[in-house]
>>> print(open('start.tsv').read())   # TSV, C-alpha atoms
chain	number	residue	atom	x	y	z
A	1	MET	CA	-100.10	-75.83	52.13
A	2	ILE	CA	-98.42	-72.96	53.96
A	3	GLU	CA	-96.53	-73.41	57.22
A	4	LEU	CA	-95.55	-70.17	58.93
A	5	ARG	CA	-92.20	-69.89	60.69
A	6	PRO	CA	-92.43	-66.96	63.14
A	7	GLY	CA	-89.20	-65.05	63.47
A	8	ALA	CA	-89.62	-64.85	67.24
A	9	GLU	CA	-89.32	-68.65	67.43
A	10	ARG	CA	-85.98	-68.85	65.62
A	11	GLY	CA	-82.82	-69.94	67.35
A	12	HIS	CA	-80.81	-67.07	68.83
A	13	ALA	CA	-77.17	-66.56	69.74
A	14	GLU	CA	-75.82	-63.42	71.40
A	15	HIS	CA	-72.02	-63.20	71.58
A	16	GLY	CA	-71.57	-59.49	72.20
A	17	TRP	CA	-69.88	-58.82	68.86
A	18	LEU	CA	-72.46	-61.01	67.06
A	19	ASN	CA	-76.25	-61.12	67.35
A	20	SER	CA	-77.56	-63.99	65.24
A	21	PHE	CA	-80.97	-65.52	64.56
A	22	HIS	CA	-81.18	-69.00	63.01
A	23	SER	CA	-84.18	-69.99	60.88
A	24	PHE	CA	-82.93	-73.59	60.82
A	25	SER	CA	-80.88	-75.71	63.22
A	26	PHE	CA	-77.37	-74.28	63.39
A	27	ALA	CA	-74.43	-74.48	65.81
A	28	ASP	CA	-75.83	-74.81	69.36
A	29	TYR	CA	-79.42	-74.38	68.19
A	30	TYR	CA	-81.07	-77.69	67.35
A	31	ASP	CA	-84.72	-78.25	66.49
A	32	PRO	CA	-85.62	-81.44	64.57
A	33	ARG	CA	-88.69	-79.64	63.16
A	34	HIS	CA	-86.45	-77.08	61.45
A	35	MET	CA	-83.49	-78.82	59.85
A	36	GLY	CA	-83.91	-77.16	56.46
A	37	PHE	CA	-86.41	-77.05	53.63
A	38	GLY	CA	-85.42	-79.09	50.61
A	39	PRO	CA	-81.81	-78.14	49.83
A	40	LEU	CA	-82.17	-74.85	51.75
A	41	ARG	CA	-80.17	-75.56	54.89
A	42	VAL	CA	-79.33	-72.24	56.61
A	43	ILE	CA	-80.72	-68.73	56.83
A	44	ASN	CA	-78.89	-66.80	59.53
A	45	GLU	CA	-79.73	-63.17	60.18
A	46	ASP	CA	-76.51	-61.71	61.55
A	47	ARG	CA	-75.59	-58.36	63.04
A	48	VAL	CA	-71.85	-57.91	63.53
A	49	GLN	CA	-70.46	-55.00	65.52
A	50	ALA	CA	-67.96	-52.52	64.06
A	51	GLY	CA	-64.48	-53.91	63.54
A	52	MET	CA	-65.50	-57.47	64.43
A	53	GLY	CA	-66.18	-60.62	62.44
A	54	PHE	CA	-65.69	-64.30	61.75
A	55	GLY	CA	-62.03	-65.35	61.68
A	56	THR	CA	-60.64	-67.72	59.07
A	57	HIS	CA	-62.61	-70.95	59.01
A	58	GLY	CA	-63.41	-73.71	56.55
A	59	HIS	CA	-66.39	-74.98	54.56
A	60	ARG	CA	-66.94	-77.75	52.04
A	61	ASP	CA	-69.76	-78.93	49.76
A	62	MET	CA	-72.07	-75.97	50.38
A	63	GLU	CA	-73.34	-73.04	48.30
A	64	ILE	CA	-73.03	-69.98	50.56
A	65	ILE	CA	-74.82	-66.73	49.70
A	66	SER	CA	-74.39	-63.46	51.59
A	67	TYR	CA	-77.00	-60.70	51.24
A	68	VAL	CA	-76.24	-57.42	53.00
A	69	LEU	CA	-79.14	-55.34	54.32
A	70	ASP	CA	-77.19	-52.54	56.04
A	71	GLY	CA	-73.50	-51.73	56.41
A	72	GLU	CA	-70.50	-53.44	54.84
A	73	LEU	CA	-69.11	-56.97	54.91
A	74	GLU	CA	-65.51	-57.75	53.97
A	75	HIS	CA	-64.68	-61.18	52.55
A	76	LYS	CA	-61.27	-62.83	52.13
A	77	ASP	CA	-60.52	-66.42	51.12
A	78	ASN	CA	-57.65	-68.74	50.24
A	79	MET	CA	-58.61	-68.57	46.56
A	80	GLY	CA	-57.20	-65.04	46.51
A	81	ASN	CA	-60.53	-63.22	46.60
A	82	GLY	CA	-60.99	-60.11	48.68
A	83	SER	CA	-63.93	-57.73	48.49
A	84	ILE	CA	-66.38	-55.61	50.43
A	85	ILE	CA	-70.08	-56.13	49.80
A	86	VAL	CA	-72.75	-53.54	50.55
A	87	PRO	CA	-76.56	-53.44	50.23
A	88	GLY	CA	-77.52	-54.42	46.69
A	89	ASP	CA	-74.61	-56.84	46.33
A	90	VAL	CA	-75.01	-60.61	46.30
A	91	GLN	CA	-72.02	-62.79	47.08
A	92	ARG	CA	-71.77	-66.50	46.34
A	93	MET	CA	-69.07	-68.92	47.43
A	94	SER	CA	-69.16	-72.54	46.29
A	95	ALA	CA	-67.14	-74.32	48.96
A	96	GLY	CA	-66.91	-77.57	46.96
A	97	ARG	CA	-63.99	-79.71	47.99
A	98	GLY	CA	-62.87	-77.17	50.58
A	99	VAL	CA	-62.25	-73.46	51.10
A	100	MET	CA	-61.01	-71.22	53.91
A	101	HIS	CA	-62.41	-67.72	54.34
A	102	SER	CA	-63.10	-64.90	56.78
A	103	GLU	CA	-65.86	-62.31	57.07
A	104	TYR	CA	-65.42	-59.00	58.88
A	105	ASN	CA	-67.18	-55.72	59.39
A	106	PRO	CA	-64.57	-53.23	58.15
A	107	SER	CA	-66.39	-50.17	59.52
A	108	PRO	CA	-64.92	-48.57	62.67
A	109	GLU	CA	-68.35	-47.23	63.61
A	110	ARG	CA	-71.34	-49.01	62.04
A	111	PRO	CA	-72.63	-52.55	62.53
A	112	VAL	CA	-73.35	-54.73	59.50
A	113	HIS	CA	-76.68	-56.51	59.11
A	114	PHE	CA	-76.82	-59.36	56.63
A	115	LEU	CA	-78.32	-62.73	55.76
A	116	GLN	CA	-76.10	-65.75	55.32
A	117	ILE	CA	-77.77	-68.49	53.31
A	118	TRP	CA	-76.55	-72.05	52.79
A	119	ILE	CA	-77.92	-74.24	50.01
A	120	GLN	CA	-76.82	-77.85	49.71
A	121	PRO	CA	-75.35	-78.50	46.24
A	122	ASN	CA	-76.47	-81.21	43.85
A	123	ARG	CA	-72.83	-82.02	43.07
A	124	GLN	CA	-70.17	-82.92	45.60
A	125	GLY	CA	-66.51	-82.04	45.39
A	126	VAL	CA	-66.70	-79.25	42.81
A	127	LYS	CA	-63.82	-76.83	42.40
A	128	PRO	CA	-64.28	-74.00	44.93
A	129	SER	CA	-65.27	-70.68	43.36
A	130	TYR	CA	-66.42	-67.17	44.23
A	131	GLU	CA	-68.76	-64.68	42.59
A	132	GLN	CA	-70.18	-61.27	43.41
A	133	LYS	CA	-72.90	-59.39	41.55
A	134	ARG	CA	-74.67	-56.06	41.95
A	135	ILE	CA	-78.49	-56.23	41.79
A	136	ASP	CA	-79.87	-52.74	41.27
A	137	GLY	CA	-82.61	-51.77	43.74
A	138	ASP	CA	-84.93	-50.71	40.91
A	139	LEU	CA	-85.00	-54.33	39.70
A	140	LYS	CA	-86.48	-55.38	43.05
A	141	ARG	CA	-89.04	-52.60	43.37
A	142	GLY	CA	-92.45	-54.20	42.85
A	143	ARG	CA	-90.79	-57.06	40.98
A	144	LEU	CA	-88.99	-60.33	41.63
A	145	ALA	CA	-85.31	-59.92	40.81
A	146	LEU	CA	-83.43	-63.18	40.27
A	147	ILE	CA	-80.30	-63.12	42.44
A	148	ALA	CA	-79.15	-66.78	42.33
A	149	SER	CA	-79.80	-69.59	39.85
A	150	PRO	CA	-78.23	-72.77	38.45
A	151	ASP	CA	-77.27	-71.04	35.19
A	152	GLY	CA	-76.48	-67.47	36.26
A	153	ARG	CA	-79.21	-66.01	34.07
A	154	ASP	CA	-80.39	-62.39	34.26
A	155	GLY	CA	-77.30	-61.23	36.12
A	156	SER	CA	-77.72	-63.66	39.02
A	157	VAL	CA	-74.93	-65.54	40.75
A	158	MET	CA	-74.63	-69.21	39.78
A	159	ILE	CA	-75.17	-72.01	42.29
A	160	HIS	CA	-74.72	-75.78	42.00
A	161	GLN	CA	-78.36	-76.65	42.70
A	162	ASP	CA	-81.68	-76.60	40.85
A	163	ALA	CA	-82.81	-73.67	43.00
A	164	TYR	CA	-83.73	-70.09	42.25
A	165	VAL	CA	-83.54	-67.19	44.69
A	166	TYR	CA	-85.43	-63.93	44.10
A	167	ALA	CA	-85.45	-60.62	45.99
A	168	THR	CA	-88.26	-58.09	46.06
A	169	ARG	CA	-89.18	-54.79	47.71
A	170	LEU	CA	-92.85	-53.99	48.16
A	171	ASP	CA	-94.83	-51.04	49.43
A	172	GLY	CA	-98.51	-50.12	49.32
A	173	ASN	CA	-100.36	-51.55	46.33
A	174	GLU	CA	-97.31	-53.29	44.84
A	175	SER	CA	-97.55	-57.07	44.53
A	176	VAL	CA	-95.63	-59.93	42.94
A	177	THR	CA	-96.64	-63.50	42.07
A	178	HIS	CA	-94.30	-66.40	41.48
A	179	ARG	CA	-95.59	-69.56	39.80
A	180	VAL	CA	-94.54	-72.79	41.47
A	181	GLU	CA	-94.23	-75.71	39.08
A	182	PRO	CA	-95.67	-79.11	40.07
A	183	GLY	CA	-93.29	-81.07	42.25
A	184	ARG	CA	-91.50	-77.96	43.50
A	185	ARG	CA	-91.81	-75.95	46.68
A	186	ALA	CA	-91.18	-72.36	47.78
A	187	TYR	CA	-89.86	-70.60	50.85
A	188	VAL	CA	-90.33	-66.91	51.65
A	189	HIS	CA	-88.13	-65.08	54.16
A	190	VAL	CA	-89.07	-61.53	55.17
A	191	ALA	CA	-85.86	-59.56	55.61
A	192	ARG	CA	-87.53	-56.34	56.76
A	193	GLY	CA	-90.86	-54.56	56.95
A	194	LYS	CA	-94.24	-56.24	56.68
A	195	VAL	CA	-95.82	-58.17	53.82
A	196	ARG	CA	-98.65	-60.59	53.13
A	197	VAL	CA	-97.80	-64.03	51.69
A	198	ASN	CA	-100.76	-65.80	50.09
A	199	GLY	CA	-103.00	-63.74	52.32
A	200	LYS	CA	-101.09	-64.37	55.56
A	201	PRO	CA	-99.41	-61.38	57.27
A	202	LEU	CA	-95.69	-61.68	58.01
A	203	ILE	CA	-93.19	-59.31	59.61
A	204	ALA	CA	-89.40	-59.07	59.50
A	205	GLY	CA	-87.80	-62.36	60.50
A	206	ASP	CA	-90.89	-64.41	59.68
A	207	ALA	CA	-90.92	-67.03	56.94
A	208	ALA	CA	-93.36	-69.28	55.11
A	209	LYS	CA	-92.79	-72.84	53.92
A	210	ILE	CA	-94.97	-73.41	50.87
A	211	SER	CA	-95.71	-76.77	49.26
A	212	GLU	CA	-98.43	-78.13	46.97
A	213	GLU	CA	-99.36	-74.60	45.93
A	214	SER	CA	-99.38	-73.37	42.32
A	215	ALA	CA	-98.29	-69.82	43.13
A	216	VAL	CA	-96.88	-67.52	45.80
A	217	THR	CA	-98.22	-63.96	45.99
A	218	LEU	CA	-96.66	-61.22	48.09
A	219	ASP	CA	-98.67	-58.03	48.59
A	220	ALA	CA	-99.71	-55.38	51.13
A	221	GLY	CA	-96.09	-54.52	51.71
A	222	ASP	CA	-95.00	-51.94	54.26
A	223	HIS	CA	-91.35	-51.11	53.55
A	224	ALA	CA	-90.94	-54.82	52.88
A	225	GLU	CA	-87.92	-56.63	51.52
A	226	ALA	CA	-88.22	-60.39	51.07
A	227	LEU	CA	-86.42	-63.33	49.51
A	228	VAL	CA	-88.34	-66.01	47.62
A	229	PHE	CA	-86.76	-69.44	47.13
A	230	ASP	CA	-87.97	-71.80	44.40
A	231	LEU	CA	-86.74	-75.23	45.43
A	232	PRO	CA	-86.85	-78.83	44.21
>>> encode(input="start.tsv", output="structure tokens")
Amino acid sequence: MIELRPGAERGHAEHGWLNSFHSFSFADYYDPRHMGFGPLRVINEDRVQAGMGFGTHGHRDMEIISYVLDGELEHKDNMGNGSIIVPGDVQRMSAGRGVMHSEYNPSPERPVHFLQIWIQPNRQGVKPSYEQKRIDGDLKRGRLALIASPDGRDGSVMIHQDAYVYATRLDGNESVTHRVEPGRRAYVHVARGKVRVNGKPLIAGDAAKISEESAVTLDAGDHAEALVFDLP
């Protein structure tokens, strides 16, 4: 079964410095039909203007992944971490029993466009931690590159959940297929471009909730970049 989630129907918040689209209920956007999908709780597509950002704020018991599409995102936290992530980087913060952090666009001229993803952990109260990895673009071209996993395999960041996150870029005749084991589900989010998911056309911002299917195939890409979630 495939349920499409059109990007145009997502929640939306416009704050001047921040333009944000919410795939699931978040902040002032509430829709009981879209509270998450398995442990996947948040996918926010954010555009932050130059020199602006999210001031210091707290999280707990959440696996938070940032995936930059364009521009730069600066991270600082009370664990002593400070870094700037750019396209190709994947950042993971396990909030665990509590962490404070901030996220800013350090550029004086360019906006930053990124996805912020929250995955509920399968363990509460873990020690907060931070990780950042570089995923080369060639690994995504016409292939599924693992960017987050419970064991950090293949250069992915490690999350406290039995979930796997893949990234891919597809154009023309390129296609990828991911096998979905019995009892698991998948979620596809199109970050940019156009792509077909199990025969259904999607555009940037669209998503597909997939359950009781043995495989997910992405093809007919047109400058497409997508994330594929394999979830319990």
>>> closest_residue(input="start.tsv", among="A:Ala204, A:Ala220, A:Ile64, A:Ile2", to="Ile159 in chain A", atoms="only C-alpha atoms")
A:Ile64
>>> closest_residue(input="start.tsv", among="A:Leu231, A:Ile210, A:Ile117, A:Ala226", to="Met1 in chain A", atoms="only C-alpha atoms")
A:Ile210
>>> closest_residue(input="start.tsv", among="A:His34, A:Arg97, A:His75, A:Arg47", to="Phe114 in chain A", atoms="all atoms listed in the file")
A:Arg47
>>> closest_atom_pairs(input="start.tsv", of="range 19-90 of chain A", to="range 165-188 of chain A", cutoff="9 Å", atoms="all atoms listed in the file", output="tab-separated table")
residue	atom	partner	partner_atom	distance
A:Phe37	CA	A:Tyr187	CA	7.8
A:Gly38	CA	A:Arg185	CA	8.1
A:Leu40	CA	A:Tyr187	CA	8.8
>>> atom_distance(input="start.tsv", atom1="CA of Arg123 in chain A", atom2="CA of Met62 in chain A")
9.5 Å
>>> closest_atom_pairs(input="start.tsv", of="range 113-200 of chain A", to="range 23-26 of chain A", cutoff="12 Å", atoms="only C-alpha atoms", output="JSON lines")
{"residue": "A:Leu115", "atom": "CA", "partner": "A:Ser23", "partner_atom": "CA", "distance": 10.6}
{"residue": "A:Gln116", "atom": "CA", "partner": "A:Ser23", "partner_atom": "CA", "distance": 10.7}
{"residue": "A:Ile117", "atom": "CA", "partner": "A:Ser23", "partner_atom": "CA", "distance": 10.0}
{"residue": "A:Trp118", "atom": "CA", "partner": "A:Phe24", "partner_atom": "CA", "distance": 10.4}
{"residue": "A:Ile119", "atom": "CA", "partner": "A:Phe24", "partner_atom": "CA", "distance": 11.9}
{"residue": "A:Tyr187", "atom": "CA", "partner": "A:Ser23", "partner_atom": "CA", "distance": 11.5}
{"residue": "A:Val188", "atom": "CA", "partner": "A:Ser23", "partner_atom": "CA", "distance": 11.5}
{"residue": "A:His189", "atom": "CA", "partner": "A:Ser23", "partner_atom": "CA", "distance": 9.2}
{"residue": "A:Val190", "atom": "CA", "partner": "A:Ser23", "partner_atom": "CA", "distance": 11.3}
{"residue": "A:Ala191", "atom": "CA", "partner": "A:Ser23", "partner_atom": "CA", "distance": 11.8}
>>> residues_around(input="start.tsv", residues="Lys127 in chain A", least_positions_apart="5", cutoff="10 Å", atoms="only C-alpha atoms", output="PyMOL selection string")
chain A and resi 61+94-99
>>> atom_distance(input="start.tsv", atom1="CA of Ala163 in chain A", atom2="CA of Ser214 in chain A")
16.6 Å
>>> atom_distance(input="start.tsv", atom1="CA of Thr56 in chain A", atom2="CA of Lys76 in chain A")
8.5 Å
>>> closest_residue(input="start.tsv", among="A:Arg10, A:Arg153, A:His15, A:Lys133", to="Ile43 in chain A", atoms="all atoms listed in the file")
A:Arg10
